[in-house]
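Here is the file structure.cif (mmCIF, C-alpha atoms).
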```cif
data_start
#
loop_
_atom_site.label_atom_id
_atom_site.label_comp_id
_atom_site.auth_asym_id
_atom_site.auth_seq_id
_atom_site.Cartn_x
_atom_site.Cartn_y
_atom_site.Cartn_z
CA MET A 85 -95.13 57.05 38.74
CA LYS A 86 -93.34 59.83 40.52
CA ARG A 87 -93.61 57.88 43.69
CA ASN A 88 -91.96 54.88 42.09
CA ARG A 89 -88.96 56.96 40.98
CA TRP A 90 -88.44 58.43 44.42
CA THR A 91 -88.55 55.00 45.98
CA THR A 92 -86.05 53.67 43.46
CA ARG A 93 -83.77 56.65 43.98
CA LEU A 94 -84.02 56.31 47.75
CA LEU A 95 -83.19 52.61 47.59
CA CYS A 96 -80.21 53.24 45.25
CA GLY A 97 -78.90 55.99 47.54
CA ALA A 98 -79.26 53.75 50.60
CA LEU A 99 -77.42 50.95 48.77
CA ILE A 100 -74.57 53.28 47.76
CA LEU A 101 -74.35 54.64 51.30
CA ALA A 102 -74.25 51.12 52.78
CA THR A 103 -71.52 50.13 50.31
CA LEU A 104 -69.44 53.17 51.27
CA VAL A 105 -69.88 52.46 54.99
CA VAL A 106 -68.73 48.83 54.53
CA ALA A 107 -65.73 49.92 52.40
CA VAL A 108 -64.65 52.54 54.97
CA ALA A 109 -65.04 50.02 57.79
CA ALA A 110 -62.97 47.42 55.89
CA ALA A 111 -60.24 49.93 55.07
CA GLY A 112 -60.17 51.15 58.65
CA SER A 113 -59.60 47.66 60.04
CA GLN A 114 -56.24 47.24 58.21
CA GLY A 115 -53.16 47.67 60.30
CA THR A 116 -54.74 46.86 63.64
CA GLN A 117 -53.02 45.10 66.50
CA ASP A 118 -54.61 41.80 65.44
CA ASN A 119 -53.87 42.25 61.72
CA PRO A 120 -50.84 44.52 61.29
CA LEU A 121 -49.57 45.74 57.98
CA VAL A 122 -46.21 44.24 57.06
CA THR A 123 -43.67 46.92 56.29
CA LEU A 124 -40.07 46.70 55.11
CA GLU A 125 -38.96 48.11 58.45
CA TYR A 126 -40.81 45.33 60.29
CA LEU A 127 -39.21 42.70 58.07
CA ASN A 128 -35.70 44.13 58.44
CA GLU A 129 -35.82 44.79 62.18
CA LYS A 130 -37.96 41.94 63.47
CA VAL A 131 -38.41 39.01 61.09
CA LEU A 132 -34.99 38.84 59.42
CA PRO A 133 -32.95 38.77 62.69
CA GLU A 134 -35.18 36.00 64.07
CA ILE A 135 -34.78 33.92 60.91
CA LEU A 136 -31.00 34.43 60.92
CA GLU A 137 -30.84 33.41 64.58
CA GLN A 138 -32.75 30.20 63.84
CA VAL A 139 -30.48 29.44 60.88
CA ASP A 140 -27.38 30.01 63.01
CA ARG A 141 -28.74 27.66 65.68
CA LYS A 142 -29.48 24.94 63.11
CA VAL A 143 -26.03 25.34 61.53
CA ALA A 144 -24.37 25.04 64.96
CA GLU A 145 -26.36 21.88 65.76
CA ARG A 146 -25.52 20.31 62.41
CA THR A 147 -21.85 21.27 62.79
CA LYS A 148 -21.70 19.48 66.16
CA GLU A 149 -23.30 16.37 64.60
CA LEU A 150 -20.82 16.39 61.72
CA GLU A 151 -17.84 16.88 64.06
CA LYS A 152 -19.01 13.91 66.14
CA THR A 153 -19.37 11.81 62.97
CA LEU A 154 -15.90 12.89 61.85
CA GLU A 155 -14.40 11.91 65.21
CA GLU A 156 -16.04 8.50 64.95
CA SER A 157 -14.84 8.03 61.39
CA GLN A 158 -11.27 8.85 62.43
CA LYS A 159 -11.37 5.74 64.59
CA ALA A 160 -11.76 3.80 61.35
CA VAL A 161 -8.27 4.87 60.26
CA PHE A 162 -5.18 2.90 61.21
CA GLN A 163 -3.08 4.68 63.81
CA SER A 164 0.57 4.01 64.49
CA VAL A 165 1.28 2.64 67.98
CA GLU A 166 4.75 2.42 69.50
CA ALA A 167 5.10 0.01 72.43
CA GLY A 168 8.16 -0.56 74.58
CA LYS A 169 9.29 -3.79 76.19
CA ASP A 170 6.65 -5.37 78.47
CA LYS A 171 3.99 -2.88 77.34
CA THR A 172 0.43 -4.13 76.73
CA VAL A 173 -1.96 -2.96 74.03
CA THR A 174 -5.56 -3.64 75.06
CA LEU A 175 -7.97 -3.89 72.14
CA ALA A 176 -11.73 -3.38 72.11
CA ALA A 177 -13.98 -5.83 70.28
CA GLY A 178 -13.71 -5.39 66.52
CA SER A 179 -10.39 -3.52 66.68
CA GLN A 180 -7.72 -4.54 64.21
CA LEU A 181 -3.97 -4.77 64.72
CA LEU A 182 -1.17 -5.08 62.18
CA LEU A 183 2.17 -5.94 63.80
CA ARG A 184 4.94 -3.99 62.01
CA SER A 185 8.00 -4.68 64.18
CA GLY A 186 9.02 -6.29 67.45
CA VAL A 187 7.78 -9.44 69.17
CA ALA A 188 4.25 -9.56 70.57
CA HIS A 189 2.15 -12.27 72.19
CA CYS A 190 -1.56 -12.68 72.73
CA ALA A 191 -2.97 -14.86 75.49
CA ASP A 192 -6.65 -14.15 74.88
CA GLY A 193 -6.86 -15.14 71.23
CA LEU A 194 -7.12 -13.07 68.08
CA ILE A 195 -8.23 -14.00 64.58
CA ASP A 196 -5.43 -13.76 62.01
CA LEU A 197 -7.25 -12.32 58.99
CA THR A 198 -4.23 -13.05 56.79
CA THR A 199 -4.40 -16.83 57.35
CA GLY A 200 -7.95 -17.09 58.70
CA GLU A 201 -6.87 -18.89 61.88
CA ALA A 202 -7.27 -18.23 65.59
CA VAL A 203 -4.01 -17.23 67.26
CA TRP A 204 -2.81 -17.76 70.83
CA GLY A 205 0.81 -16.96 71.44
CA GLU A 206 3.29 -15.10 69.25
CA LEU A 207 1.99 -12.82 66.50
CA SER A 208 3.52 -12.79 63.01
CA LEU A 209 4.88 -9.64 61.43
CA ASN A 210 2.72 -7.96 58.77
CA HIS A 211 -0.35 -10.08 59.57
CA LEU A 212 -3.69 -8.40 60.20
CA TYR A 213 -5.46 -9.47 63.40
CA ILE A 214 -8.96 -8.70 64.66
CA ALA A 215 -10.10 -8.73 68.29
CA THR A 216 -13.08 -11.02 68.77
CA GLY A 217 -13.86 -9.85 72.29
CA ASP A 218 -13.48 -6.84 74.51
CA LYS A 219 -10.24 -6.11 76.42
CA LEU A 220 -8.02 -8.48 74.43
CA LYS A 221 -4.39 -7.94 75.44
CA VAL A 222 -1.35 -8.01 73.18
CA THR A 223 1.92 -7.87 75.15
CA PHE A 224 5.18 -6.79 73.55
CA SER A 225 8.23 -8.73 74.80
CA GLU A 226 10.54 -6.27 73.04
CA LYS A 227 10.13 -2.77 71.66
CA GLY A 228 7.96 -2.73 68.57
CA SER A 229 5.31 -0.95 66.58
CA ALA A 230 1.88 -1.79 65.26
CA MET A 231 -0.91 -0.20 63.29
CA VAL A 232 -4.25 -0.25 65.13
CA GLN A 233 -7.72 0.52 63.85
CA GLY A 234 -10.43 0.97 66.46
CA SER A 235 -10.35 1.55 70.22
CA TYR A 236 -7.24 0.62 72.16
CA THR A 237 -5.12 1.57 75.16
CA VAL A 238 -1.41 1.17 75.80
CA LYS A 239 -0.15 0.46 79.35
#
```
Show the structure stored in the file as structure tokens.
Amino acid sequence: MKRNRWTTRLLCGALILATLVVAVAAAGSQGTQDNPLVTLEYLNEKVLPEILEQVDRKVAERTKELEKTLEESQKAVFQSVEAGKDKTVTLAAGSQLLLRSGVAHCADGLIDLTTGEAVWGELSLNHLYIATGDKLKVTFSEKGSAMVQGSYTVK
């Protein structure tokens, strides 16, 4: 019987020793190069600046996109155009023109949205016209003004 107790005690001691060795080995492996401990200093000096840099980059990209969208949306607003005698306003396709004063003629053909008719020749005051093609020219035979929405040039 005494032999049995010594064997049991020896096995229990070996088991406790093995458990301690494994625990010490596991605790010793924390904070290595492969598995570092995360400290507040590491977060403040390394991680936080990188995150803020990424956020700043994303904000700058999104700001550029929004500015571009804003510029494009400003083209959707009517702009006042003053044209002297014998000046030509060239309209891009889809641009709209509202003649406010003066005498203007169109040789290429516009659609009068007020009456729903195609127009070649003299334009009527306070009628809204839309360019059906690219580079449609409206020539002013006397000084006048118009409201234009969309792309245009004055020469």
| said: Running the PyMOL selection byres ((chain A and resi 181) around 10) on this model by hand, what would come out? Give it as number ranges by chain. | reply: A: 162-165, 173, 175, 178-180, 182-184, 194, 196, 210-215, 222, 230-234, 236
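Our summary of the geometry notes that atom CA of A:Leu207 is positioned 12.6 Å from atom CA of A:Glu226.
You will find atom CA of A:Glu137 at 24.5 Å from atom CA of A:Thr153.
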| task | May I have the protein, DNA and RNA residues with any atom at most 10 Å from the point (-7.7, -14.9, 79.5), counting only C-alpha atoms, written as an MDAnalysis selection string? | result | chainID A and resid 190:193 219:221
Quick one: write out the picked residues with C-alpha atoms as a compact mmCIF listing (two decimals), in the coordinates of the input?
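Here's the written file part-v3.txt:
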```
# COMPACT_ATOMS: atom_id res chain seq x y z
CA CYS A 190 -1.56 -12.68 72.73
CA ALA A 191 -2.97 -14.86 75.49
CA ASP A 192 -6.65 -14.15 74.88
CA GLY A 193 -6.86 -15.14 71.23
CA LYS A 219 -10.24 -6.11 76.42
CA LEU A 220 -8.02 -8.48 74.43
CA LYS A 221 -4.39 -7.94 75.44
```
| Explicit residue set for the PyMOL selection byres ((chain A and resi 188) around 10), as a list in words |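 Answer for the PyMOL selection byres ((chain A and resi 188) around 10): Ala167, Lys169, Asp170, Lys171, Thr172, Val173, Leu183, Ser185, Gly186, Val187, His189, Cys190, Gly205, Glu206, Leu207, Ser208, Leu209, Val222, Thr223, Phe224, Ser225, Glu226, Lys227, Gly228, Ser229 and Ala230 of chain A.
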| What does the distance between atom CA of A:Ala202 and atom CA of A:Ala177 come to in Å, to one decimal place? |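 Atom-to-atom, atom CA of A:Ala202 and atom CA of A:Ala177 are spaced 14.9 Å apart.
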